[in-house]
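Student: The following file, query32.cif, comprises mmCIF, C-alpha atoms:
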data_final
loop_
_atom_site.label_atom_id
_atom_site.label_comp_id
_atom_site.auth_asym_id
_atom_site.auth_seq_id
_atom_site.Cartn_x
_atom_site.Cartn_y
_atom_site.Cartn_z
CA MET A 27 -113.93 65.71 -14.59
CA LYS A 28 -116.54 64.41 -17.02
CA VAL A 29 -119.58 62.53 -15.74
CA PHE A 30 -121.93 60.25 -17.65
CA HIS A 31 -125.37 59.84 -16.05
CA GLY A 32 -127.36 56.90 -17.39
CA ASP A 33 -130.89 55.84 -16.62
CA LEU A 34 -131.08 52.06 -16.14
CA ASP A 35 -134.27 50.25 -17.15
CA ASN A 36 -134.90 50.41 -20.91
CA THR A 37 -131.88 52.70 -21.33
CA LEU A 38 -128.88 50.62 -20.29
CA ILE A 39 -130.51 47.41 -19.12
CA TYR A 40 -133.54 45.53 -20.45
CA SER A 41 -135.97 43.08 -18.92
CA CYS A 42 -136.38 39.54 -20.21
CA ARG A 43 -139.56 40.75 -21.98
CA HIS A 44 -137.53 43.08 -24.21
CA ASP A 45 -135.96 41.56 -27.31
CA ILE A 46 -132.35 42.74 -27.55
CA GLY A 47 -131.10 39.80 -29.56
CA GLU A 48 -129.07 36.75 -28.64
CA GLU A 49 -125.79 38.57 -27.91
CA LYS A 50 -126.68 39.52 -24.36
CA VAL A 51 -125.49 39.07 -20.77
CA CYS A 52 -127.59 38.74 -17.62
CA VAL A 53 -126.93 41.66 -15.26
CA GLU A 54 -129.67 41.08 -12.68
CA LEU A 55 -130.91 38.06 -10.78
CA TYR A 56 -134.05 38.16 -8.66
CA GLU A 57 -135.03 35.17 -6.55
CA GLY A 58 -132.78 33.03 -8.70
CA ARG A 59 -134.31 34.21 -11.99
CA GLU A 60 -132.56 36.13 -14.75
CA VAL A 61 -134.59 39.33 -15.05
CA SER A 62 -132.41 41.99 -16.70
CA PHE A 63 -129.85 41.98 -19.49
CA MET A 64 -127.39 44.15 -21.40
CA THR A 65 -126.11 43.52 -24.89
CA LYS A 66 -122.51 42.36 -25.11
CA ARG A 67 -121.83 45.42 -27.27
CA SER A 68 -123.18 47.80 -24.62
CA LEU A 69 -121.15 46.13 -21.88
CA SER A 70 -118.01 46.56 -23.94
CA LEU A 71 -118.81 50.20 -24.73
CA LEU A 72 -119.64 50.98 -21.10
CA LYS A 73 -116.23 49.68 -20.03
CA GLU A 74 -114.62 52.08 -22.52
CA VAL A 75 -116.78 54.98 -21.33
CA GLN A 76 -115.70 54.31 -17.73
CA LYS A 77 -112.07 54.77 -18.76
CA LYS A 78 -112.83 58.33 -19.84
CA ALA A 79 -115.66 59.50 -17.56
CA LEU A 80 -117.26 58.86 -14.19
CA PHE A 81 -120.32 56.67 -14.76
CA VAL A 82 -123.15 57.48 -12.34
CA PRO A 83 -126.46 55.59 -12.77
CA VAL A 84 -129.64 57.57 -12.07
CA THR A 85 -132.75 55.49 -11.41
CA THR A 86 -136.16 55.37 -9.74
CA ARG A 87 -135.13 51.99 -8.31
CA THR A 88 -134.60 51.72 -4.58
CA ALA A 89 -131.11 51.07 -3.23
CA GLU A 90 -132.02 47.41 -2.70
CA GLN A 91 -133.25 47.03 -6.29
CA TYR A 92 -130.18 48.84 -7.64
CA ARG A 93 -127.78 46.61 -5.72
CA ARG A 94 -129.11 43.57 -7.59
CA ILE A 95 -127.46 44.83 -10.78
CA ASP A 96 -124.03 43.50 -11.74
CA PHE A 97 -122.55 45.50 -14.62
CA GLN A 98 -119.90 42.82 -15.17
CA THR A 99 -117.35 45.62 -15.01
CA HIS A 100 -116.05 48.12 -12.46
CA ALA A 101 -118.94 48.86 -10.10
CA PRO A 102 -119.90 52.55 -10.24
CA ASP A 103 -118.40 54.58 -7.42
CA TYR A 104 -121.66 56.53 -7.14
CA ALA A 105 -125.31 55.95 -7.95
CA LEU A 106 -128.41 58.12 -7.61
CA VAL A 107 -131.39 55.98 -6.63
CA CYS A 108 -135.00 56.68 -5.60
CA ASN A 109 -135.23 59.19 -8.48
CA GLY A 110 -132.17 60.99 -7.12
CA GLY A 111 -133.37 61.25 -3.53
CA ILE A 112 -130.62 58.94 -2.28
CA LEU A 113 -126.93 58.99 -3.20
CA LEU A 114 -124.89 55.82 -2.88
CA GLN A 115 -121.13 56.16 -2.55
CA ALA A 116 -119.16 52.90 -2.68
CA GLY A 117 -122.52 51.18 -2.24
CA GLU A 118 -123.43 53.01 0.98
CA GLU A 119 -125.99 55.76 1.49
CA VAL A 120 -124.72 59.30 2.01
CA ALA A 121 -126.81 60.44 4.99
CA GLU A 122 -126.43 64.16 4.30
CA TRP A 123 -127.75 63.73 0.76
CA TYR A 124 -130.93 62.00 1.95
CA GLU A 125 -131.50 64.61 4.65
CA GLU A 126 -131.19 67.37 2.06
CA SER A 127 -133.66 65.52 -0.20
CA LEU A 128 -136.21 65.50 2.62
CA ARG A 129 -135.67 69.25 3.11
CA LEU A 130 -136.09 69.93 -0.60
CA THR A 131 -139.40 68.07 -0.70
CA GLU A 132 -140.77 69.26 2.65
CA LYS A 133 -143.11 71.81 1.07
CA SER A 134 -144.87 68.98 -0.79
CA ARG A 135 -145.20 66.63 2.20
CA ARG A 136 -148.84 67.41 2.98
CA GLU A 137 -149.89 67.12 -0.66
CA LEU A 138 -148.03 63.83 -0.97
CA LEU A 139 -150.04 62.50 1.98
CA ARG A 140 -153.21 63.58 0.19
CA ALA A 141 -151.99 61.74 -2.90
CA GLU A 142 -151.47 58.60 -0.82
CA GLY A 143 -155.06 58.75 0.40
CA PHE A 144 -156.47 59.18 -3.09
CA MET A 145 -154.29 56.38 -4.46
CA GLU A 146 -155.49 54.02 -1.71
CA GLN A 147 -159.12 54.79 -2.58
CA ASP A 148 -158.67 54.31 -6.33
CA THR A 149 -160.94 51.53 -7.58
CA ASP A 150 -158.45 50.49 -10.29
CA ARG A 151 -155.59 49.96 -7.83
CA MET A 152 -153.98 46.50 -8.15
CA MET A 153 -151.51 46.55 -5.24
CA GLU A 154 -150.79 48.43 -2.03
CA VAL A 155 -149.58 52.01 -2.22
CA ARG A 156 -145.87 52.06 -1.42
CA ASN A 157 -144.24 55.04 0.24
CA ILE A 158 -140.57 54.91 -0.73
CA ARG A 159 -138.42 56.35 2.05
CA ARG A 160 -140.81 59.30 2.53
CA LEU A 161 -139.67 60.47 -0.91
CA PHE A 162 -142.35 59.31 -3.36
CA LEU A 163 -145.32 56.97 -3.84
CA PHE A 164 -146.23 54.34 -6.35
CA THR A 165 -148.82 51.66 -6.97
CA LYS A 166 -150.15 49.62 -9.88
CA SER A 167 -153.42 50.23 -11.67
CA SER A 168 -155.46 48.17 -14.10
CA ARG A 169 -156.12 51.47 -15.91
CA PRO A 170 -153.03 53.60 -15.19
CA MET A 171 -153.90 56.48 -17.50
CA GLU A 172 -157.33 56.85 -15.89
CA THR A 173 -155.86 56.62 -12.39
CA ALA A 174 -153.26 59.26 -13.26
CA ALA A 175 -155.92 61.55 -14.74
CA ARG A 176 -158.05 61.33 -11.58
CA LEU A 177 -155.05 62.13 -9.38
CA LYS A 178 -154.13 65.13 -11.50
CA GLU A 179 -157.65 66.49 -11.11
CA VAL A 180 -157.51 66.56 -7.30
CA LEU A 181 -153.86 67.28 -6.53
CA ASP A 182 -151.88 70.53 -6.71
CA ALA A 183 -149.62 70.07 -9.75
CA ARG A 184 -147.22 72.66 -8.35
CA LEU A 185 -146.45 70.35 -5.43
CA VAL A 186 -146.90 66.79 -6.71
CA LYS A 187 -146.25 65.37 -10.18
CA ILE A 188 -148.02 62.25 -11.46
CA PHE A 189 -146.30 59.83 -13.83
CA THR A 190 -147.19 56.48 -15.37
CA ASN A 191 -144.87 53.71 -16.50
CA GLY A 192 -146.65 50.61 -17.74
CA LYS A 193 -149.14 49.71 -15.03
CA LYS A 194 -147.28 51.70 -12.39
CA VAL A 195 -148.52 55.10 -11.24
CA TYR A 196 -146.12 57.40 -9.38
CA ALA A 197 -146.63 60.51 -7.27
CA LEU A 198 -143.44 62.56 -6.88
CA PRO A 199 -143.05 65.73 -4.81
CA GLU A 200 -141.66 68.94 -6.23
CA GLY A 201 -137.88 68.89 -5.78
CA LEU A 202 -137.49 65.15 -6.39
CA ASP A 203 -136.56 64.78 -10.04
CA LYS A 204 -133.52 63.57 -11.93
CA GLY A 205 -132.62 67.07 -13.10
CA THR A 206 -132.39 68.36 -9.53
CA ALA A 207 -130.38 65.26 -8.60
CA VAL A 208 -127.73 65.60 -11.29
CA ARG A 209 -127.35 69.34 -10.63
CA ARG A 210 -126.81 68.56 -6.95
CA PHE A 211 -124.30 65.89 -7.87
CA ARG A 212 -122.48 68.32 -10.16
CA ASP A 213 -121.93 70.57 -7.15
CA TYR A 214 -121.11 67.58 -4.94
CA ILE A 215 -118.07 66.47 -6.96
CA LYS A 216 -117.35 69.73 -8.85
CA THR A 217 -117.62 68.22 -12.33
CA ASP A 218 -117.09 70.43 -15.38
CA TYR A 219 -118.98 68.45 -18.04
CA MET A 220 -122.05 66.22 -17.85
CA LEU A 221 -123.52 63.75 -20.33
CA ALA A 222 -126.83 61.95 -19.79
CA ALA A 223 -129.02 59.33 -21.44
CA GLY A 224 -132.61 58.34 -20.72
CA ASP A 225 -135.71 56.95 -22.37
CA SER A 226 -138.75 58.15 -20.41
CA GLU A 227 -140.56 61.17 -19.05
CA PHE A 228 -138.76 60.68 -15.73
CA ASP A 229 -135.49 61.43 -17.55
CA ILE A 230 -136.46 64.69 -19.27
CA PRO A 231 -135.26 66.97 -16.41
CA MET A 232 -131.92 65.12 -16.40
CA LEU A 233 -131.55 65.49 -20.17
CA ALA A 234 -132.26 69.21 -19.83
CA ALA A 235 -129.62 69.61 -17.12
CA ALA A 236 -126.84 67.88 -19.05
CA ASP A 237 -124.29 69.51 -21.34
CA ARG A 238 -124.95 66.76 -23.86
CA ALA A 239 -127.74 64.19 -23.79
CA TYR A 240 -129.18 61.23 -25.68
CA ALA A 241 -132.78 60.05 -25.96
CA PRO A 242 -134.99 57.99 -28.29
CA LYS A 243 -136.68 59.94 -31.05
CA ASP A 244 -140.15 59.29 -29.63
CA LEU A 245 -139.19 61.05 -26.38
CA MET A 246 -137.98 64.16 -28.17
CA GLY A 247 -141.53 65.26 -28.95
CA ARG A 248 -142.15 65.68 -25.21
CA CYS A 249 -139.02 67.77 -24.65
CA SER A 250 -139.20 71.56 -24.73
CA PHE A 251 -135.51 71.74 -25.64
CA ASP A 252 -133.43 70.13 -28.37
CA VAL A 253 -130.17 72.00 -28.78
CA HIS A 254 -127.98 69.60 -26.83
CA VAL A 255 -130.03 66.38 -27.07
CA SER A 256 -129.41 63.80 -29.78
CA GLY A 257 -132.62 62.02 -30.75
CA ILE A 258 -131.84 58.43 -31.66
CA ALA A 259 -134.06 56.58 -34.14
CA GLY A 260 -135.05 52.97 -33.59
CA LYS A 261 -132.18 51.35 -35.46
CA GLY A 262 -130.66 48.65 -33.28
CA VAL A 263 -130.72 48.54 -29.50
CA PHE A 264 -130.86 52.03 -27.98
CA SER A 265 -128.01 51.38 -25.53
CA ASP A 266 -125.65 50.23 -28.30
CA VAL A 267 -126.30 53.36 -30.36
CA PHE A 268 -126.11 56.03 -27.68
CA LEU A 269 -123.07 54.52 -25.92
CA GLU A 270 -121.16 54.75 -29.19
CA ARG A 271 -122.05 58.45 -29.32
CA VAL A 272 -121.09 58.96 -25.68
CA LEU A 273 -117.72 57.40 -26.32
CA ALA A 274 -117.19 59.68 -29.31
CA ASP A 275 -118.30 62.79 -27.41
CA ILE A 276 -116.24 62.51 -24.21
#
So, in terms of structure tokens, how does the structure I just supplied come out?

Tutor:
Amino acid sequence: MKVFHGDLDNTLIYSCRHDIGEEKVCVELYEGREVSFMTKRSLSLLKEVQKKALFVPVTTRTAEQYRRIDFQTHAPDYALVCNGGILLQAGEEVAEWYEESLRLTEKSRRELLRAEGFMEQDTDRMMEVRNIRRLFLFTKSSRPMETAARLKEVLDARLVKIFTNGKKVYALPEGLDKGTAVRRFRDYIKTDYMLAAGDSEFDIPMLAAADRAYAPKDLMGRCSFDVHVSGIAGKGVFSDVFLERVLADI
């Protein structure tokens, strides 16, 4: 069985702030507003990919946030949410997967609590610190790079990783990354070939774990590997370009 793992935001779907042209379809409503879109071309290509491979989204979104997405096609049988800490099967959480995620991150629990305290005290914090299912933390900062730098100075980098994405600042325990998640999933369903696509630092472990992967050119400079990853230049919408390659490669 072949599996295609795709990150969601800015890889397959795009917010209303992102210009992907007029040929687009709304795939997410939030409080009655259209908030996320896919190009018509990407929707068509994704349908073709699903005929040849098992499509499994991998996202930092929570299960509730993920369930807002309507791919306008066959709903994925599986999804990895909360950065891979939770597996959804037919839309429902797999309890054993979550329990194993907690075991994998147990050694970082105390350091994650320290991170929560430092994040709450940060003078640039713009919202409450959210603890997502005891798996990871995030908040928003008016100066995210400075907040992240301060956290890195006081936390044990072997146990907790700090990431930024726009104004959001994340603290993730060791053992909770997309690479670990897709390797676990490979064992879970006994797949023999894995493809993956992503656009951010969160996705690098997943790209490394795949047999074949796709990323924007600007992400490639932060990867320590390149043999199996196709760097895609900024010609057209990223999802349109890499889905064409996925379809050709499976």

Student: Give me the residues within 12 Å of stretch 46-51 of chain A as a PyMOL selection string, counting all atoms listed in the file and dropping any in the same chain fewer than 3 places off.

Tutor: chain A and resi 36-43+54-55+60-70+95-99+261-266

Student: Report as JSON lines the residues of stretch 67-96 of chain A within 12 Å of stretch 206-215 of chain A, each with its shortest atom pair and distance in Å (one decimal), using only C-alpha atoms, ordered by chain and increasing residue number.

Tutor:
{"residue": "A:Leu80", "atom": "CA", "partner": "A:Ile215", "partner_atom": "CA", "distance": 10.5}
{"residue": "A:Val82", "atom": "CA", "partner": "A:Val208", "partner_atom": "CA", "distance": 9.4}
{"residue": "A:Pro83", "atom": "CA", "partner": "A:Val208", "partner_atom": "CA", "distance": 10.2}
{"residue": "A:Val84", "atom": "CA", "partner": "A:Val208", "partner_atom": "CA", "distance": 8.3}
{"residue": "A:Thr85", "atom": "CA", "partner": "A:Ala207", "partner_atom": "CA", "distance": 10.4}
{"residue": "A:Thr86", "atom": "CA", "partner": "A:Ala207", "partner_atom": "CA", "distance": 11.5}

Student: Could you tell me how far atom CA of A:Gly205 lies from atom CA of A:Phe228, in Å and to one decimal?

Tutor: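 Distance reported for this atom pair: 9.2 Å.
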
Student: Report the residues retrieved by the PyMOL selection byres ((chain A and resi 184) around 9) from the displayed file, expressed as a PyMOL selection string.

Tutor: chain A and resi 134+181-183+185-187+199-200

Student: Here is a test: counting all atoms listed in the file, which residue of A:Val107, A:Cys52, A:Leu113, A:Met145 is nearest to A:Ser167?

Tutor: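 Checking each of A:Val107, A:Cys52, A:Leu113, A:Met145 against A:Ser167, counting all atoms listed in the file, the winner is A:Met145.
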
Student: Expressed in Å to a single decimal, how great is the separation between atom CA of A:Gln91 and atom CA of A:Cys108?

Tutor: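 Between these atoms lies a distance of 9.8 Å.
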
Student: Let me make sure I understand: among A:Ile112, A:Leu202, A:Ala79, A:Ile276, which one has the smallest atom-to-atom distance to A:Leu138 if we use all atoms listed in the file?

Tutor: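 Going through A:Ile112, A:Leu202, A:Ala79, A:Ile276 one by one, the smallest distance to A:Leu138 is for A:Leu202.
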
Student: Could you list, as a list in words, every residue within 12 Å of A:Glu119, counting all atoms listed in the file and ignoring same-chain residues fewer than 5 positions away?

Tutor: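 These residues fall inside the cut-off: Thr88, Ala89, Glu90, Arg93, Asp103, Tyr104, Ala105, Leu106, Val107, Cys108, Gly110, Gly111, Ile112, Leu113, Leu114, Tyr124 and Glu125 of chain A.
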
Student: Just checking: using all atoms listed in the file, which residue out of A:Arg135, A:Arg59, A:Lys28, A:Arg87 ends up closest to A:Val272?

Tutor: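 For A:Val272, the nearest of the given residues is A:Lys28.
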